[in-house]
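Here's the structure, in structure tokens; my notes come after.
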Amino acid sequence: MERTPVGRTRRVLVLVGLAAGLGAVDALPARASWKADTGWVTPGAPVSAGKLKALLDEIDARLTRVEVRTHGTTAISSSAVYCGATASTVGDMSDLSGFKGYAGAKVACEALSDCKSSKTAHVCSGEEVVRSAQIGITMPAGWLATGAATRAVISSGSTDRYVESADCQGFKVGVAATGVSNWFGTSWDPTGPAAKATHCGSKLAVLCCD
């Protein structure tokens, strides 16, 4: 299913609002108490192309800050949906970019051509996967991030074994078990379709969103 880029959609909406008399501008998400300066717009009078462009540029910049979160030189998109999947890897991402953890998963997603090599692409969260499914986007089996951690204890005689479910320990564990712990992450099962617990030694794609 082809997605309409968020940026293109927002620009269309802004232009529609301006064409209707710039009434929608003040309703746009704003930082602090910003309000568009439209005092130069007078009914029946010519509109300055320069001032209109400056206003559109400012609105565009403010909306970009709403859609993208940044930290230093790294950026991530918000309100994203599924855009592609990486090659298969165990739960510590070691079969991909060589970087482990959440950051390693993001590096792999940024390199995906299906996600247009976007620097804001990232491993899909549970919310983003559910959002994608609700609008009819088909996704393959693959790892996703929940940010949740649970531990269950299974007693057998005098030995306690633990079931650890924590995104494969933040995508840093790539085996099914170590010592007395069984390690799980969360993956998307397209036959459900639904999320399910999966051993961290399983080889699955990483689902990427943008």
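Each chain in the structure tokens gets a letter, A, B, ..., in the order shown, and its residues are numbered from 1; ligands are numbered from 1 in order too.
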
Write out as JSON lines the residues of range 120-177 of chain A that have any atom within 6 Å of an atom of range 197-210 of chain A, one row each with the nearest atom pair and its distance in Å to one decimal, counting only C-alpha atoms, sorted by chain and then rising number.
```
{"residue": "A:Ala121", "atom": "CA", "partner": "A:Asp210", "partner_atom": "CA", "distance": 4.7}
{"residue": "A:His122", "atom": "CA", "partner": "A:Cys208", "partner_atom": "CA", "distance": 5.4}
{"residue": "A:Val123", "atom": "CA", "partner": "A:Cys208", "partner_atom": "CA", "distance": 4.5}
{"residue": "A:Cys124", "atom": "CA", "partner": "A:Cys209", "partner_atom": "CA", "distance": 5.0}
{"residue": "A:Gly142", "atom": "CA", "partner": "A:Ala205", "partner_atom": "CA", "distance": 4.5}
{"residue": "A:Trp143", "atom": "CA", "partner": "A:Val206", "partner_atom": "CA", "distance": 4.7}
{"residue": "A:Leu144", "atom": "CA", "partner": "A:Leu207", "partner_atom": "CA", "distance": 6.0}
{"residue": "A:Cys168", "atom": "CA", "partner": "A:Cys200", "partner_atom": "CA", "distance": 5.7}
{"residue": "A:Gly174", "atom": "CA", "partner": "A:Gly201", "partner_atom": "CA", "distance": 5.0}
{"residue": "A:Val175", "atom": "CA", "partner": "A:Gly201", "partner_atom": "CA", "distance": 3.9}
{"residue": "A:Ala176", "atom": "CA", "partner": "A:Gly201", "partner_atom": "CA", "distance": 4.5}
```

N, CA and C atoms of the current selection, written as a compact mmCIF listing (two decimals), in the first residue's frame:
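Printed below is out-v6.txt as written:
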```
# COMPACT_ATOMS: atom_id res chain seq x y z
N ALA A 121 14.02 7.31 9.83
CA ALA A 121 13.48 5.95 9.93
C ALA A 121 14.01 5.28 11.20
N HIS A 122 13.25 4.31 11.73
CA HIS A 122 13.61 3.68 12.99
C HIS A 122 12.85 2.37 13.15
N VAL A 123 13.25 1.55 14.13
CA VAL A 123 12.52 0.31 14.38
C VAL A 123 11.12 0.68 14.87
N CYS A 124 10.12 0.02 14.31
CA CYS A 124 8.72 0.34 14.65
C CYS A 124 8.42 0.04 16.11
N GLY A 142 8.42 -9.84 11.77
CA GLY A 142 9.60 -9.05 12.10
C GLY A 142 9.60 -8.51 13.51
N TRP A 143 10.79 -8.15 13.98
CA TRP A 143 10.94 -7.58 15.31
C TRP A 143 10.33 -6.18 15.39
N LEU A 144 9.78 -5.85 16.53
CA LEU A 144 9.30 -4.50 16.82
C LEU A 144 9.71 -4.17 18.25
N CYS A 168 14.35 -8.30 23.85
CA CYS A 168 15.65 -8.98 23.80
C CYS A 168 16.71 -8.16 24.54
N GLY A 174 20.98 -12.12 21.62
CA GLY A 174 20.65 -12.80 20.36
C GLY A 174 20.58 -14.31 20.49
N VAL A 175 20.29 -14.80 21.69
CA VAL A 175 20.16 -16.24 21.92
C VAL A 175 18.84 -16.51 22.63
N ALA A 176 18.37 -17.76 22.55
CA ALA A 176 17.10 -18.11 23.17
C ALA A 176 17.21 -18.19 24.69
```

- Task: Based on DSSP run over this structure's backbone, return all residues of range 47-128 of chain A in helix (DSSP H, G or I), as a PyMOL selection string.
- Result: chain A and resi 49-67+101-110+113-115+126-128

Output file for the selection above: C-alpha atoms, as an mmCIF file, in the first residue's frame:
```cif
data_model
loop_
_atom_site.group_PDB
_atom_site.id
_atom_site.type_symbol
_atom_site.label_atom_id
_atom_site.label_comp_id
_atom_site.auth_asym_id
_atom_site.auth_seq_id
_atom_site.Cartn_x
_atom_site.Cartn_y
_atom_site.Cartn_z
ATOM 1 C CA ALA A 49 3.867 36.917 -2.516
ATOM 2 C CA GLY A 50 6.984 37.526 -0.414
ATOM 3 C CA LYS A 51 5.058 37.704 2.860
ATOM 4 C CA LEU A 52 2.959 34.670 1.913
ATOM 5 C CA LYS A 53 6.099 32.647 1.188
ATOM 6 C CA ALA A 54 7.682 33.735 4.469
ATOM 7 C CA LEU A 55 4.571 32.659 6.377
ATOM 8 C CA LEU A 56 4.470 29.288 4.616
ATOM 9 C CA ASP A 57 8.165 28.734 5.345
ATOM 10 C CA GLU A 58 7.649 29.489 9.027
ATOM 11 C CA ILE A 59 4.624 27.177 9.261
ATOM 12 C CA ASP A 60 6.554 24.445 7.462
ATOM 13 C CA ALA A 61 9.488 24.755 9.876
ATOM 14 C CA ARG A 62 7.213 24.635 12.919
ATOM 15 C CA LEU A 63 5.354 21.566 11.615
ATOM 16 C CA THR A 64 8.657 19.838 10.900
ATOM 17 C CA ARG A 65 9.625 20.283 14.553
ATOM 18 C CA VAL A 66 6.313 18.691 15.559
ATOM 19 C CA GLU A 67 6.812 15.713 13.210
ATOM 20 C CA GLY A 101 20.680 -2.196 20.723
ATOM 21 C CA TYR A 102 17.921 0.217 19.754
ATOM 22 C CA ALA A 103 20.416 2.535 18.079
ATOM 23 C CA GLY A 104 21.731 -0.351 15.974
ATOM 24 C CA ALA A 105 18.206 -1.177 14.811
ATOM 25 C CA LYS A 106 17.714 2.463 13.799
ATOM 26 C CA VAL A 107 20.954 2.477 11.786
ATOM 27 C CA ALA A 108 19.726 -0.568 9.856
ATOM 28 C CA CYS A 109 16.366 1.094 9.176
ATOM 29 C CA GLU A 110 18.007 4.311 7.958
ATOM 30 C CA SER A 113 15.800 1.905 0.260
ATOM 31 C CA ASP A 114 12.143 1.017 0.941
ATOM 32 C CA CYS A 115 12.208 3.755 3.575
ATOM 33 C CA GLY A 126 4.134 -1.362 19.077
ATOM 34 C CA GLU A 127 1.940 1.709 18.613
ATOM 35 C CA GLU A 128 3.263 2.299 15.103
#
```

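The space separating CA of Ala177 in chain A from CA of Ser94 in chain A comes to 16.4 Å.
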
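In this model, the gap between CA of Ala148 in chain A and CA of Gly72 in chain A comes to 25.8 Å.
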
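Straight-line separation from CA of Gly147 in chain A to CA of Ser117 in chain A: 24.5 Å.
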
- Task: Write out as a PyMOL selection string each polymer residue whose atoms come within 9 Å of Ala149 in chain A, counting only C-alpha atoms; drop sequence neighbours fewer than 3 positions from it.
- Result: chain A and resi 146+164-167+169

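Of the residues listed (A:Asn182, A:Ala75, A:Ala133, A:Thr138), A:Asn182 shows the shortest atom-to-atom separation from Ala152 in chain A; distances use only C-alpha atoms.
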
- Using only C-alpha atoms, which residues sit within 12 Å of Gly192 in chain A once same-chain residues fewer than 4 positions away are excluded, as a ChimeraX atom specification? /A:133,138-141,187-188,196

May I have the selected residues written with C-alpha atoms, as a PDB file, in the first residue's frame?
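out.pdb, written as the output of this step:
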```pdb
ATOM      1  CA  ALA A 133      -2.300  -2.458  10.623  1.00  0.00           C
ATOM      2  CA  THR A 138       0.638  -5.307   5.199  1.00  0.00           C
ATOM      3  CA  MET A 139       3.761  -6.141   7.211  1.00  0.00           C
ATOM      4  CA  PRO A 140       5.962  -9.251   7.196  1.00  0.00           C
ATOM      5  CA  ALA A 141       7.073 -11.186  10.261  1.00  0.00           C
ATOM      6  CA  SER A 187       7.561  -9.713  16.848  1.00  0.00           C
ATOM      7  CA  TRP A 188       4.770  -9.177  14.361  1.00  0.00           C
ATOM      8  CA  LYS A 196       3.623 -12.246  19.765  1.00  0.00           C
TER       9      LYS A 196
END
```
